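What follows is the content of protein.tsv, which has TSV, C-alpha atoms:
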chain	number	residue	atom	x	y	z
C	1	MET	CA	157.08	-127.69	-15.92
C	2	ARG	CA	158.31	-130.50	-18.17
C	3	LYS	CA	157.71	-128.27	-21.15
C	4	TYR	CA	159.97	-125.58	-19.73
C	5	ILE	CA	162.78	-127.97	-18.92
C	6	LEU	CA	162.64	-129.46	-22.38
C	7	PHE	CA	162.55	-126.03	-23.94
C	8	SER	CA	165.55	-124.79	-21.98
C	9	ILE	CA	167.56	-127.89	-22.87
C	10	TYR	CA	166.63	-127.32	-26.50
C	11	LEU	CA	167.69	-123.68	-26.27
C	12	THR	CA	171.02	-124.49	-24.62
C	13	THR	CA	171.76	-127.07	-27.30
C	14	ILE	CA	171.01	-124.63	-30.11
C	15	CYS	CA	173.11	-121.94	-28.46
C	16	SER	CA	176.09	-124.20	-27.94
C	17	ILE	CA	175.85	-125.42	-31.54
C	18	ILE	CA	175.92	-121.83	-32.77
C	19	TYR	CA	178.71	-120.94	-30.40
C	20	SER	CA	180.92	-123.84	-31.38
C	21	CYS	CA	180.31	-122.97	-35.01
C	22	GLN	CA	182.23	-119.78	-34.46
C	23	SER	CA	185.72	-120.66	-35.62
C	24	SER	CA	188.61	-120.25	-33.23
C	25	ASP	CA	189.84	-117.45	-35.51
C	26	GLU	CA	186.69	-115.48	-34.94
C	27	ILE	CA	186.93	-115.96	-31.20
C	28	GLU	CA	190.53	-114.79	-31.21
C	29	PHE	CA	189.56	-111.77	-33.30
C	30	ALA	CA	186.79	-110.87	-30.85
C	31	ALA	CA	189.19	-111.25	-27.92
C	32	TYR	CA	191.81	-109.04	-29.64
C	33	LYS	CA	189.21	-106.39	-30.29
C	34	SER	CA	187.83	-106.33	-26.79
C	35	ASN	CA	191.26	-106.28	-25.12
C	36	GLY	CA	192.33	-103.71	-27.67
C	37	LYS	CA	189.48	-101.48	-26.60
C	38	ASP	CA	190.70	-101.52	-22.98
C	39	ILE	CA	194.20	-100.56	-24.11
C	40	TYR	CA	192.77	-97.84	-26.35
C	41	VAL	CA	190.79	-96.30	-23.48
C	42	LYS	CA	193.85	-96.33	-21.25
C	43	TYR	CA	196.53	-95.02	-23.60
C	44	CYS	CA	195.01	-93.54	-26.76
C	45	GLN	CA	191.60	-92.09	-25.98
C	46	ASN	CA	192.95	-89.02	-24.15
C	47	CYS	CA	194.17	-87.55	-27.41
C	48	HIS	CA	192.33	-89.46	-30.13
C	49	GLY	CA	188.93	-89.38	-28.46
C	50	ALA	CA	186.31	-91.97	-27.56
C	51	ASN	CA	185.07	-92.04	-31.16
C	52	GLY	CA	188.47	-91.68	-32.79
C	53	GLU	CA	187.62	-88.10	-33.65
C	54	GLY	CA	191.05	-86.68	-32.74
C	55	LEU	CA	191.59	-83.35	-31.02
C	56	GLY	CA	191.59	-80.16	-33.09
C	57	GLU	CA	194.90	-79.88	-34.92
C	58	LEU	CA	196.74	-81.50	-32.02
C	59	ALA	CA	195.84	-85.14	-32.56
C	60	PRO	CA	194.69	-86.63	-35.89
C	61	PRO	CA	191.44	-88.60	-36.11
C	62	LEU	CA	191.53	-92.37	-36.58
C	63	THR	CA	188.61	-92.31	-38.96
C	64	ASP	CA	190.67	-91.95	-42.15
C	65	SER	CA	190.58	-95.56	-43.32
C	66	VAL	CA	192.79	-94.78	-46.33
C	67	PHE	CA	195.58	-93.47	-44.11
C	68	LEU	CA	195.30	-96.45	-41.76
C	69	LYS	CA	195.42	-98.86	-44.70
C	70	GLU	CA	198.35	-97.23	-46.45
C	71	ASN	CA	200.36	-96.92	-43.25
C	72	LYS	CA	199.41	-100.21	-41.69
C	73	GLN	CA	203.01	-101.48	-41.51
C	74	GLN	CA	204.00	-98.28	-39.69
C	75	LEU	CA	201.24	-98.27	-37.07
C	76	ALA	CA	203.15	-100.49	-34.65
C	77	CYS	CA	206.18	-98.19	-35.00
C	78	PHE	CA	204.10	-95.07	-34.31
C	79	ILE	CA	202.79	-96.63	-31.11
C	80	LYS	CA	206.04	-98.16	-29.86
C	81	ASN	CA	208.44	-95.36	-30.83
C	82	GLY	CA	206.16	-92.35	-31.12
C	83	ALA	CA	206.08	-90.14	-34.18
C	84	ASN	CA	207.59	-86.74	-34.84
C	85	GLN	CA	207.18	-86.40	-38.57
C	86	PRO	CA	204.25	-84.34	-39.88
C	87	MET	CA	201.37	-86.59	-40.95
C	88	VAL	CA	198.69	-85.87	-43.51
C	89	VAL	CA	195.40	-87.35	-42.37
C	90	ASN	CA	192.10	-86.61	-44.07
C	91	GLY	CA	193.80	-83.86	-46.07
C	92	LYS	CA	195.00	-82.03	-42.96
C	93	THR	CA	198.60	-81.87	-41.78
C	94	TYR	CA	199.36	-82.64	-38.15
C	95	HIS	CA	202.67	-81.43	-36.73
C	96	GLU	CA	202.47	-82.46	-33.08
C	97	LYS	CA	204.65	-85.23	-31.73
C	98	MET	CA	203.05	-88.47	-30.71
C	99	PRO	CA	204.47	-89.79	-27.43
C	100	THR	CA	206.17	-93.20	-27.24
C	101	PHE	CA	204.34	-96.08	-25.64
C	102	ASN	CA	207.29	-98.44	-25.31
C	103	GLN	CA	205.81	-100.01	-22.19
C	104	LEU	CA	203.34	-101.84	-24.43
C	105	GLU	CA	204.17	-105.44	-25.32
C	106	ASN	CA	203.75	-106.76	-28.86
C	107	ILE	CA	200.52	-108.50	-27.92
C	108	ASP	CA	199.10	-105.20	-26.58
C	109	ILE	CA	200.08	-103.40	-29.78
C	110	ALA	CA	198.49	-106.13	-31.90
C	111	GLN	CA	195.28	-105.90	-29.92
C	112	VAL	CA	195.03	-102.13	-29.99
C	113	ILE	CA	195.78	-102.03	-33.73
C	114	THR	CA	193.14	-104.70	-34.31
C	115	TYR	CA	190.68	-102.58	-32.35
C	116	VAL	CA	191.48	-99.29	-34.13
C	117	THR	CA	191.58	-100.76	-37.62
C	118	ASN	CA	188.19	-102.39	-37.08
C	119	THR	CA	186.39	-99.53	-35.36
C	120	PHE	CA	185.64	-95.88	-36.22
C	121	GLY	CA	184.50	-96.90	-39.69
C	122	ASN	CA	187.56	-99.07	-40.37
C	123	ASN	CA	187.26	-102.70	-41.33
C	124	GLN	CA	190.63	-104.30	-41.91
C	125	GLY	CA	190.34	-107.57	-40.02
C	126	MET	CA	192.86	-109.33	-37.81
C	127	TYR	CA	196.32	-107.96	-37.05
C	128	LYS	CA	198.39	-110.58	-35.24
C	129	GLN	CA	201.11	-110.41	-32.68
C	130	GLU	CA	203.63	-111.98	-35.10
C	131	THR	CA	203.00	-109.18	-37.58
C	132	VAL	CA	203.89	-106.62	-34.91
C	133	GLU	CA	207.28	-108.25	-34.46
C	134	ASN	CA	207.90	-108.07	-38.20
C	135	ASP	CA	206.66	-104.52	-38.59
C	136	LEU	CA	208.79	-103.28	-35.70
C	137	LYS	CA	211.93	-104.56	-37.47
C	138	ASN	CA	211.14	-102.32	-40.43
C	139	CYS	CA	210.48	-99.05	-38.66
C	140	LYS	CA	211.48	-96.02	-40.66
N	1	MET	CA	158.48	-99.83	10.86
N	2	LYS	CA	161.09	-100.29	8.20
N	3	ILE	CA	158.57	-99.50	5.50
N	4	ALA	CA	157.47	-96.34	7.29
N	5	LYS	CA	161.10	-95.20	7.37
N	6	LEU	CA	161.46	-95.91	3.70
N	7	ILE	CA	158.35	-93.92	2.89
N	8	ILE	CA	159.60	-90.94	4.89
N	9	LEU	CA	162.92	-91.15	3.11
N	10	ALA	CA	161.20	-91.30	-0.27
N	11	VAL	CA	159.06	-88.27	0.57
N	12	VAL	CA	162.13	-86.32	1.67
N	13	VAL	CA	163.95	-87.25	-1.52
N	14	VAL	CA	161.00	-86.19	-3.66
N	15	ILE	CA	160.62	-82.87	-1.83
N	16	THR	CA	164.32	-82.01	-2.06
N	17	ALA	CA	164.35	-83.06	-5.69
N	18	CYS	CA	161.45	-80.72	-6.40
N	19	SER	CA	162.97	-77.68	-4.77
N	20	LYS	CA	165.89	-77.29	-7.12
N	21	PRO	CA	168.88	-75.67	-5.43
N	22	GLU	CA	169.44	-72.51	-7.41
N	23	LYS	CA	172.41	-71.32	-5.39
N	24	LEU	CA	175.86	-72.82	-5.63
N	25	PRO	CA	177.87	-73.53	-2.48
N	26	TYR	CA	180.95	-71.58	-1.40
N	27	LEU	CA	183.90	-73.91	-1.31
N	28	GLN	CA	186.08	-71.90	1.00
N	29	MET	CA	183.81	-70.34	3.56
N	30	GLU	CA	184.83	-69.69	7.11
N	31	VAL	CA	182.37	-69.05	9.92
N	32	VAL	CA	183.89	-67.44	12.99
N	33	ALA	CA	181.95	-66.89	16.21
N	34	LYS	CA	182.71	-63.49	17.72
N	35	GLU	CA	181.53	-61.78	20.83
N	36	VAL	CA	179.91	-58.41	20.13
N	37	ASP	CA	178.38	-56.49	23.06
N	38	GLY	CA	178.17	-59.62	25.12
N	39	LYS	CA	176.40	-61.59	22.40
N	40	ILE	CA	177.86	-64.34	20.27
N	41	VAL	CA	177.64	-63.33	16.61
N	42	GLU	CA	178.61	-65.52	13.72
N	43	ASP	CA	180.74	-63.86	11.10
N	44	THR	CA	181.10	-65.46	7.67
N	45	THR	CA	184.10	-64.72	5.50
N	46	PHE	CA	184.78	-66.02	2.01
N	47	ARG	CA	188.23	-66.73	0.76
N	48	THR	CA	188.85	-65.14	-2.60
N	49	ILE	CA	191.47	-65.61	-5.30
N	50	PRO	CA	194.24	-63.06	-4.64
N	51	ASP	CA	195.53	-60.75	-7.36
N	52	PHE	CA	198.21	-62.19	-9.62
N	53	LYS	CA	200.36	-61.03	-12.49
N	54	LEU	CA	200.93	-63.62	-15.17
N	55	TYR	CA	201.52	-63.60	-18.93
N	56	ASN	CA	199.10	-64.95	-21.50
N	57	GLN	CA	199.61	-66.63	-24.89
N	58	ASP	CA	200.24	-63.21	-26.47
N	59	SER	CA	202.89	-62.42	-23.81
N	60	ALA	CA	200.59	-59.72	-22.47
N	61	VAL	CA	200.28	-59.17	-18.73
N	62	VAL	CA	197.12	-60.66	-17.23
N	63	THR	CA	195.94	-59.84	-13.73
N	64	LEU	CA	192.86	-60.76	-11.75
N	65	LYS	CA	191.29	-57.50	-13.01
N	66	ASP	CA	190.99	-59.05	-16.46
N	67	PHE	CA	188.40	-61.39	-14.95
N	68	ASP	CA	186.29	-58.60	-13.43
N	69	ASN	CA	182.56	-58.78	-14.17
N	70	SER	CA	182.80	-62.31	-15.42
N	71	ILE	CA	182.72	-65.81	-14.05
N	72	TYR	CA	185.66	-67.99	-15.02
N	73	VAL	CA	186.90	-71.56	-15.09
N	74	ALA	CA	190.48	-72.22	-13.98
N	75	ASP	CA	192.63	-75.30	-14.55
N	76	PHE	CA	196.24	-76.47	-14.48
N	77	PHE	CA	197.82	-78.32	-17.38
N	78	PHE	CA	200.87	-78.57	-19.65
N	79	THR	CA	200.93	-78.73	-23.43
N	80	SER	CA	203.04	-81.89	-23.70
N	81	CYS	CA	200.86	-83.75	-21.19
N	82	PRO	CA	200.23	-87.27	-22.50
N	83	THR	CA	197.53	-88.20	-20.00
N	84	ILE	CA	194.54	-86.24	-18.69
N	85	CYS	CA	195.07	-82.74	-20.16
N	86	PRO	CA	193.90	-83.50	-23.72
N	87	THR	CA	190.65	-84.94	-22.34
N	88	MET	CA	190.27	-82.04	-19.92
N	89	HIS	CA	190.69	-79.46	-22.67
N	90	ARG	CA	188.56	-81.42	-25.12
N	91	ASN	CA	185.79	-81.15	-22.52
N	92	LEU	CA	186.52	-77.53	-21.61
N	93	PHE	CA	186.39	-76.69	-25.32
N	94	LYS	CA	182.79	-77.95	-25.35
N	95	VAL	CA	182.04	-75.54	-22.50
N	96	TYR	CA	183.85	-72.76	-24.37
N	97	LYS	CA	181.79	-73.40	-27.49
N	98	LYS	CA	178.58	-73.31	-25.47
N	99	PHE	CA	179.31	-69.88	-23.97
N	100	GLU	CA	181.34	-68.59	-26.92
N	101	ASN	CA	179.32	-65.40	-27.38
N	102	ASN	CA	179.00	-64.57	-23.70
N	103	PRO	CA	181.61	-61.97	-22.63
N	104	GLU	CA	180.87	-62.78	-18.99
N	105	VAL	CA	182.41	-66.23	-19.26
N	106	LYS	CA	186.20	-66.64	-19.23
N	107	TYR	CA	188.81	-69.36	-18.84
N	108	ALA	CA	192.24	-69.44	-17.21
N	109	SER	CA	194.47	-72.39	-18.04
N	110	HIS	CA	197.74	-72.25	-16.10
N	111	THR	CA	200.75	-74.15	-17.37
N	112	ILE	CA	202.68	-76.11	-14.75
N	113	ASP	CA	205.57	-76.73	-17.17
N	114	VAL	CA	206.96	-73.19	-17.16
N	115	LYS	CA	210.26	-74.20	-18.74
N	116	TYR	CA	208.82	-75.57	-21.94
N	117	ASP	CA	205.38	-73.94	-22.23
N	118	LYS	CA	206.45	-70.43	-23.13
N	119	PRO	CA	203.63	-68.11	-24.32
N	120	SER	CA	204.45	-68.86	-27.97
N	121	VAL	CA	204.11	-72.60	-27.36
N	122	MET	CA	200.77	-72.06	-25.67
N	123	LYS	CA	199.57	-69.80	-28.47
N	124	ALA	CA	200.17	-72.55	-30.99
N	125	TYR	CA	198.47	-75.04	-28.67
N	126	ALA	CA	195.39	-72.79	-28.22
N	127	LYS	CA	195.10	-72.28	-31.96
N	128	LYS	CA	195.32	-76.00	-32.60
N	129	ILE	CA	192.51	-76.74	-30.18
N	130	GLY	CA	190.42	-74.19	-32.06
N	131	ILE	CA	190.35	-71.29	-29.57
N	132	LYS	CA	189.89	-67.80	-30.91
N	133	GLY	CA	189.70	-64.46	-29.13
N	134	LYS	CA	190.73	-63.53	-25.62
N	135	ASN	CA	188.15	-65.18	-23.38
N	136	TRP	CA	190.33	-68.23	-22.89
N	137	GLN	CA	193.67	-67.17	-21.42
N	138	PHE	CA	196.66	-69.49	-21.24
N	139	LEU	CA	198.69	-68.25	-18.31
N	140	TRP	CA	202.41	-68.45	-17.77
N	141	GLY	CA	204.38	-67.33	-14.72
N	142	THR	CA	207.25	-68.45	-12.55
N	143	ARG	CA	207.08	-71.93	-11.14
N	144	ASP	CA	206.54	-70.65	-7.60
N	145	GLU	CA	203.71	-68.29	-8.57
N	146	ILE	CA	201.79	-70.96	-10.48
N	147	TYR	CA	202.27	-73.73	-7.93
N	148	ALA	CA	201.31	-71.43	-5.05
N	149	LEU	CA	198.12	-70.37	-6.86
N	150	ALA	CA	197.28	-74.00	-7.59
N	151	GLU	CA	197.75	-75.31	-4.10
N	152	ARG	CA	196.87	-72.41	-1.85
N	153	ASN	CA	194.06	-70.79	-3.81
N	154	TYR	CA	192.54	-73.13	-6.35
N	155	MET	CA	193.19	-76.23	-4.21
N	156	VAL	CA	194.53	-78.26	-7.11
N	157	TYR	CA	197.42	-80.64	-6.52
N	158	THR	CA	200.40	-80.01	-8.80
N	159	LYS	CA	203.92	-81.34	-8.55
N	160	GLU	CA	207.01	-81.93	-10.65
N	161	ASP	CA	207.43	-85.68	-10.65
N	162	ASN	CA	209.87	-87.60	-12.84
N	163	LYS	CA	207.89	-90.78	-12.39
N	164	ALA	CA	204.63	-89.28	-13.67
N	165	PRO	CA	203.93	-89.47	-17.41
N	166	GLY	CA	205.28	-86.28	-18.99
N	167	GLY	CA	207.15	-85.28	-15.82
N	168	PHE	CA	204.35	-83.64	-13.85
N	169	ALA	CA	201.69	-85.01	-11.52
N	170	HIS	CA	198.52	-82.99	-11.23
N	171	GLN	CA	194.77	-83.13	-10.86
N	172	GLY	CA	192.35	-82.48	-13.68
N	173	TYR	CA	189.92	-80.26	-11.84
N	174	LEU	CA	188.04	-77.43	-13.50
N	175	ILE	CA	187.49	-74.74	-10.86
N	176	LEU	CA	184.50	-72.43	-11.17
N	177	VAL	CA	185.03	-68.90	-9.81
N	178	ASP	CA	182.28	-66.30	-9.43
N	179	LYS	CA	182.33	-62.56	-10.16
N	180	GLN	CA	183.52	-61.84	-6.60
N	181	LYS	CA	186.46	-64.25	-7.11
N	182	ARG	CA	185.06	-66.90	-4.80
N	183	ILE	CA	185.34	-70.59	-5.69
N	184	ARG	CA	181.88	-72.02	-6.28
N	185	GLY	CA	182.58	-75.46	-7.69
N	186	ALA	CA	185.22	-78.03	-8.63
N	187	TYR	CA	184.61	-80.57	-11.38
N	188	ASP	CA	186.69	-83.45	-12.70
N	189	GLY	CA	187.44	-82.33	-16.25
N	190	THR	CA	187.93	-85.89	-17.44
N	191	VAL	CA	184.43	-87.10	-16.53
N	192	ASP	CA	181.59	-86.26	-18.94
N	193	GLU	CA	178.87	-86.03	-16.26
N	194	GLU	CA	180.91	-83.60	-14.17
N	195	VAL	CA	181.50	-81.39	-17.19
N	196	LYS	CA	177.75	-81.36	-17.85
N	197	LYS	CA	177.24	-80.35	-14.22
N	198	LEU	CA	179.77	-77.56	-14.68
N	199	MET	CA	177.82	-76.20	-17.65
N	200	ALA	CA	174.57	-76.31	-15.68
N	201	ASP	CA	176.19	-74.64	-12.67
N	202	MET	CA	177.63	-71.90	-14.87
N	203	GLU	CA	174.10	-71.05	-16.02
N	204	ILE	CA	173.01	-70.80	-12.39
N	205	LEU	CA	176.01	-68.66	-11.49
N	206	LEU	CA	175.44	-66.29	-14.41
N	207	LYS	CA	171.95	-65.55	-13.12
N	208	GLU	CA	173.25	-64.76	-9.63
N	209	LYS	CA	173.37	-61.09	-8.70
For this file, write the structure as structure tokens.
Amino acid sequence: MRKYILFSIYLTTICSIIYSCQSSDEIEFAAYKSNGKDIYVKYCQNCHGANGEGLGELAPPLTDSVFLKENKQQLACFIKNGANQPMVVNGKTYHEKMPTFNQLENIDIAQVITYVTNTFGNNQGMYKQETVENDLKNCK
Amino acid sequence: MKIAKLIILAVVVVITACSKPEKLPYLQMEVVAKEVDGKIVEDTTFRTIPDFKLYNQDSAVVTLKDFDNSIYVADFFFTSCPTICPTMHRNLFKVYKKFENNPEVKYASHTIDVKYDKPSVMKAYAKKIGIKGKNWQFLWGTRDEIYALAERNYMVYTKEDNKAPGGFAHQGYLILVDKQKRIRGAYDGTVDEEVKKLMADMEILLKEK
């Protein structure tokens, strides 16, 4: 019995040491990603698919990491204001309009962008709420 | 006592699980008791989809006759739908791909946005999803025709609603109709498991004589 108690205390200590080693940045990143996933499922998945595969020629995939990198400053604008310009993704041109999601707050946009740009084969790291504010001022 | 009950239940479950139901139910069946020669006789009638005249993505007239000798899946959608339709058609496209070479399997997608979704708009939409050939028809008609079919015959709720995303409120059901135009199943086109069930049920229905 004593052995078990000692072992569990030992285990808890080790775990909490590891956990507290995670920097607050990493925790915030994980929280952004997981909230972002919920927003993605609710608003984006219908067209872009559970694996970011897109839908035929109607909705582009989110797996083109070059496109997402090059257009990172525009992503917030696409989400907030929609998009009606043709887009070339993965060498294919998509002509359909993207609807506006202006009900989303900046924090939601930051979280969903963090999720998308770090899933489906993308790995771009954190995208903060403050950046959304900035990017939305420079929409084309 | 409780355990005995549980055992009986388990046995029943096992037995019913073993005898696989190979016949699909009729969703709109009516049993009327009639008196014939002094005896009470039960008479079963099946409601069927009535004839219609709509236009497809090639602006060609489509009637119920075009679905003769085939089973078909019906749904209601609109091309600019931002919510459930893309998922519904993503899933129905999987079904379409599975039965692509079977001429006895057809699809009827009715638009509920008759002002915007003209046949040409739907043709572009169909092509962009990846649909070829004539087995999947995108049907256009007057608002009253489509809404009456949806509510009275296919039992799918559809309504113009400014508050709904995209302007229309509707259900994402995929309705399975047999060769005699009777409804044999309704599946939520946005749920993966239900779509799998639809595919399995279509196999059963195709074997039915």
Item to complete: Tell me, as a PyMOL selection string, which residues lie within 8 Å of range 128-141 of chain N, counting all atoms listed in the file; anything in the same chain fewer than 6 positions away does not count.
Response: (chain C and resi 55-58) or (chain N and resi 53-57+62+90+93+103+105-111+114+117-119+122)
Worksheet entry | Using all atoms listed in the file: which of N:Ile84, N:Ala186, N:Leu176, N:Met155 has the shortest distance to chain C |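 Using all atoms listed in the file, chain C sits closest to N:Ile84.
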Item to complete: Quick one: everything within 8 Å of Leu198 in chain N, counting only C-alpha atoms, minus sequence neighbours fewer than 2 positions away in the same chain. Send it as a list of chain:residue names.
Response: N:Leu176, N:Gly185, N:Tyr187, N:Glu194, N:Val195, N:Lys196, N:Ala200, N:Asp201, N:Met202
Practice prompt. Pick out the chain N residues within 12 Å of chain C. Count all atoms listed in the file. Give them as a ChimeraX atom specification.
Written response: /N:79-91,93-94,121,124-131,165-166,189-192
Fill in: One-decimal distance in Å that lies between CA of Glu160 in chain N and CA of Tyr116 in chain N
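Taking CA of Tyr116 in chain N and CA of Glu160 in chain N, their separation equals 13.1 Å.
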Each residue of range 24-70 of chain C with at least one atom at most 8 Å from range 118-140 of chain C should appear once, together with its nearest atom pair and the corresponding distance in Å (one decimal); atoms considered: all atoms listed in the file; ordering: chain, then increasing residue number; output as CSV.
residue,atom,partner,partner_atom,distance
C:Phe29,CA,C:Met126,CA,6.1
C:Lys33,CA,C:Asn118,CA,7.9
C:Asn51,CA,C:Phe120,CA,6.4
C:Gly52,CA,C:Phe120,CA,6.1
C:Leu62,CA,C:Phe120,CA,6.9
C:Thr63,CA,C:Phe120,CA,5.4
C:Asp64,CA,C:Asn122,CA,8.0
C:Ser65,CA,C:Asn122,CA,5.5
C:Lys69,CA,C:Gln124,CA,7.8
Fill in: Distance in Å - CA of Ile113 in chain C versus CA of Ala76 in chain C
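Those two atoms sit 7.6 Å apart.
Going from CA of Ser59 in chain N to CA of Phe77 in chain N covers 17.9 Å.
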Worksheet item: Contacts of range 101-104 of chain C at 7 Å or less, counting all atoms listed in the file, minus same-chain residues fewer than 5 places along, as a PyMOL selection string?
Response: chain C and resi 79-82+109
Would you export the selected residues with C-alpha atoms as a PDB file, keeping the file's coordinate frame, please?
ATOM      1  CA  ILE C  79     202.790 -96.630 -31.110  1.00  0.00           C
ATOM      2  CA  LYS C  80     206.040 -98.160 -29.860  1.00  0.00           C
ATOM      3  CA  ASN C  81     208.440 -95.360 -30.830  1.00  0.00           C
ATOM      4  CA  GLY C  82     206.160 -92.350 -31.120  1.00  0.00           C
ATOM      5  CA  ILE C 109     200.080-103.400 -29.780  1.00  0.00           C
TER       6      ILE C 109
END
Fill in: Shell of 9 Å around Leu206 in chain N, only C-alpha atoms, local chain residues under 5 positions omitted, as a VMD selection string
chain N and resid 70 to 71 104 to 105 178 to 179 201
Discussion item. Considering all atoms listed in the file, can you say which of N:Glu100, N:Glu151, N:Glu193, N:Asp161 comes closest to Asp75 in chain N?
Written reply: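 Comparing N:Glu100, N:Glu151, N:Glu193, N:Asp161 against Asp75 in chain N, the winner is N:Glu151.
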Atoms are missing here; could range 82-100 of chain N be completed with N, CA and C atoms and written as a tab-separated table (two decimals), in the frame of the given file?
chain	number	residue	atom	x	y	z
N	82	PRO	N	200.75	-86.14	-21.72
N	82	PRO	CA	200.23	-87.27	-22.50
N	82	PRO	C	198.99	-87.91	-21.88
N	83	THR	N	198.60	-87.48	-20.70
N	83	THR	CA	197.53	-88.20	-20.00
N	83	THR	C	196.21	-87.42	-19.97
N	84	ILE	N	195.90	-86.77	-18.86
N	84	ILE	CA	194.54	-86.24	-18.69
N	84	ILE	C	194.27	-84.90	-19.38
N	85	CYS	N	195.32	-84.10	-19.65
N	85	CYS	CA	195.07	-82.74	-20.16
N	85	CYS	C	194.30	-82.72	-21.49
N	86	PRO	N	194.66	-83.57	-22.47
N	86	PRO	CA	193.90	-83.50	-23.72
N	86	PRO	C	192.40	-83.72	-23.49
N	87	THR	N	192.06	-84.68	-22.63
N	87	THR	CA	190.65	-84.94	-22.34
N	87	THR	C	190.02	-83.74	-21.64
N	88	MET	N	190.76	-83.19	-20.68
N	88	MET	CA	190.27	-82.04	-19.92
N	88	MET	C	189.97	-80.86	-20.86
N	89	HIS	N	190.89	-80.60	-21.78
N	89	HIS	CA	190.69	-79.46	-22.67
N	89	HIS	C	189.71	-79.77	-23.80
N	90	ARG	N	189.61	-81.04	-24.17
N	90	ARG	CA	188.56	-81.42	-25.12
N	90	ARG	C	187.20	-81.08	-24.51
N	91	ASN	N	187.06	-81.42	-23.21
N	91	ASN	CA	185.79	-81.15	-22.52
N	91	ASN	C	185.59	-79.66	-22.27
N	92	LEU	N	186.66	-78.96	-21.88
N	92	LEU	CA	186.52	-77.53	-21.61
N	92	LEU	C	186.20	-76.78	-22.91
N	93	PHE	N	186.69	-77.31	-24.03
N	93	PHE	CA	186.39	-76.69	-25.32
N	93	PHE	C	184.89	-76.76	-25.63
N	94	LYS	N	184.24	-77.84	-25.18
N	94	LYS	CA	182.79	-77.95	-25.35
N	94	LYS	C	182.10	-76.85	-24.57
N	95	VAL	N	182.59	-76.60	-23.35
N	95	VAL	CA	182.04	-75.54	-22.50
N	95	VAL	C	182.26	-74.18	-23.19
N	96	TYR	N	183.48	-74.00	-23.68
N	96	TYR	CA	183.85	-72.76	-24.37
N	96	TYR	C	182.94	-72.49	-25.56
N	97	LYS	N	182.66	-73.55	-26.31
N	97	LYS	CA	181.79	-73.40	-27.49
N	97	LYS	C	180.38	-73.01	-27.06
N	98	LYS	N	179.93	-73.58	-25.94
N	98	LYS	CA	178.58	-73.31	-25.47
N	98	LYS	C	178.40	-71.84	-25.08
N	99	PHE	N	179.43	-71.26	-24.45
N	99	PHE	CA	179.31	-69.88	-23.97
N	99	PHE	C	180.13	-68.92	-24.84
N	100	GLU	N	180.41	-69.34	-26.07
N	100	GLU	CA	181.34	-68.59	-26.92
N	100	GLU	C	180.99	-67.10	-27.05
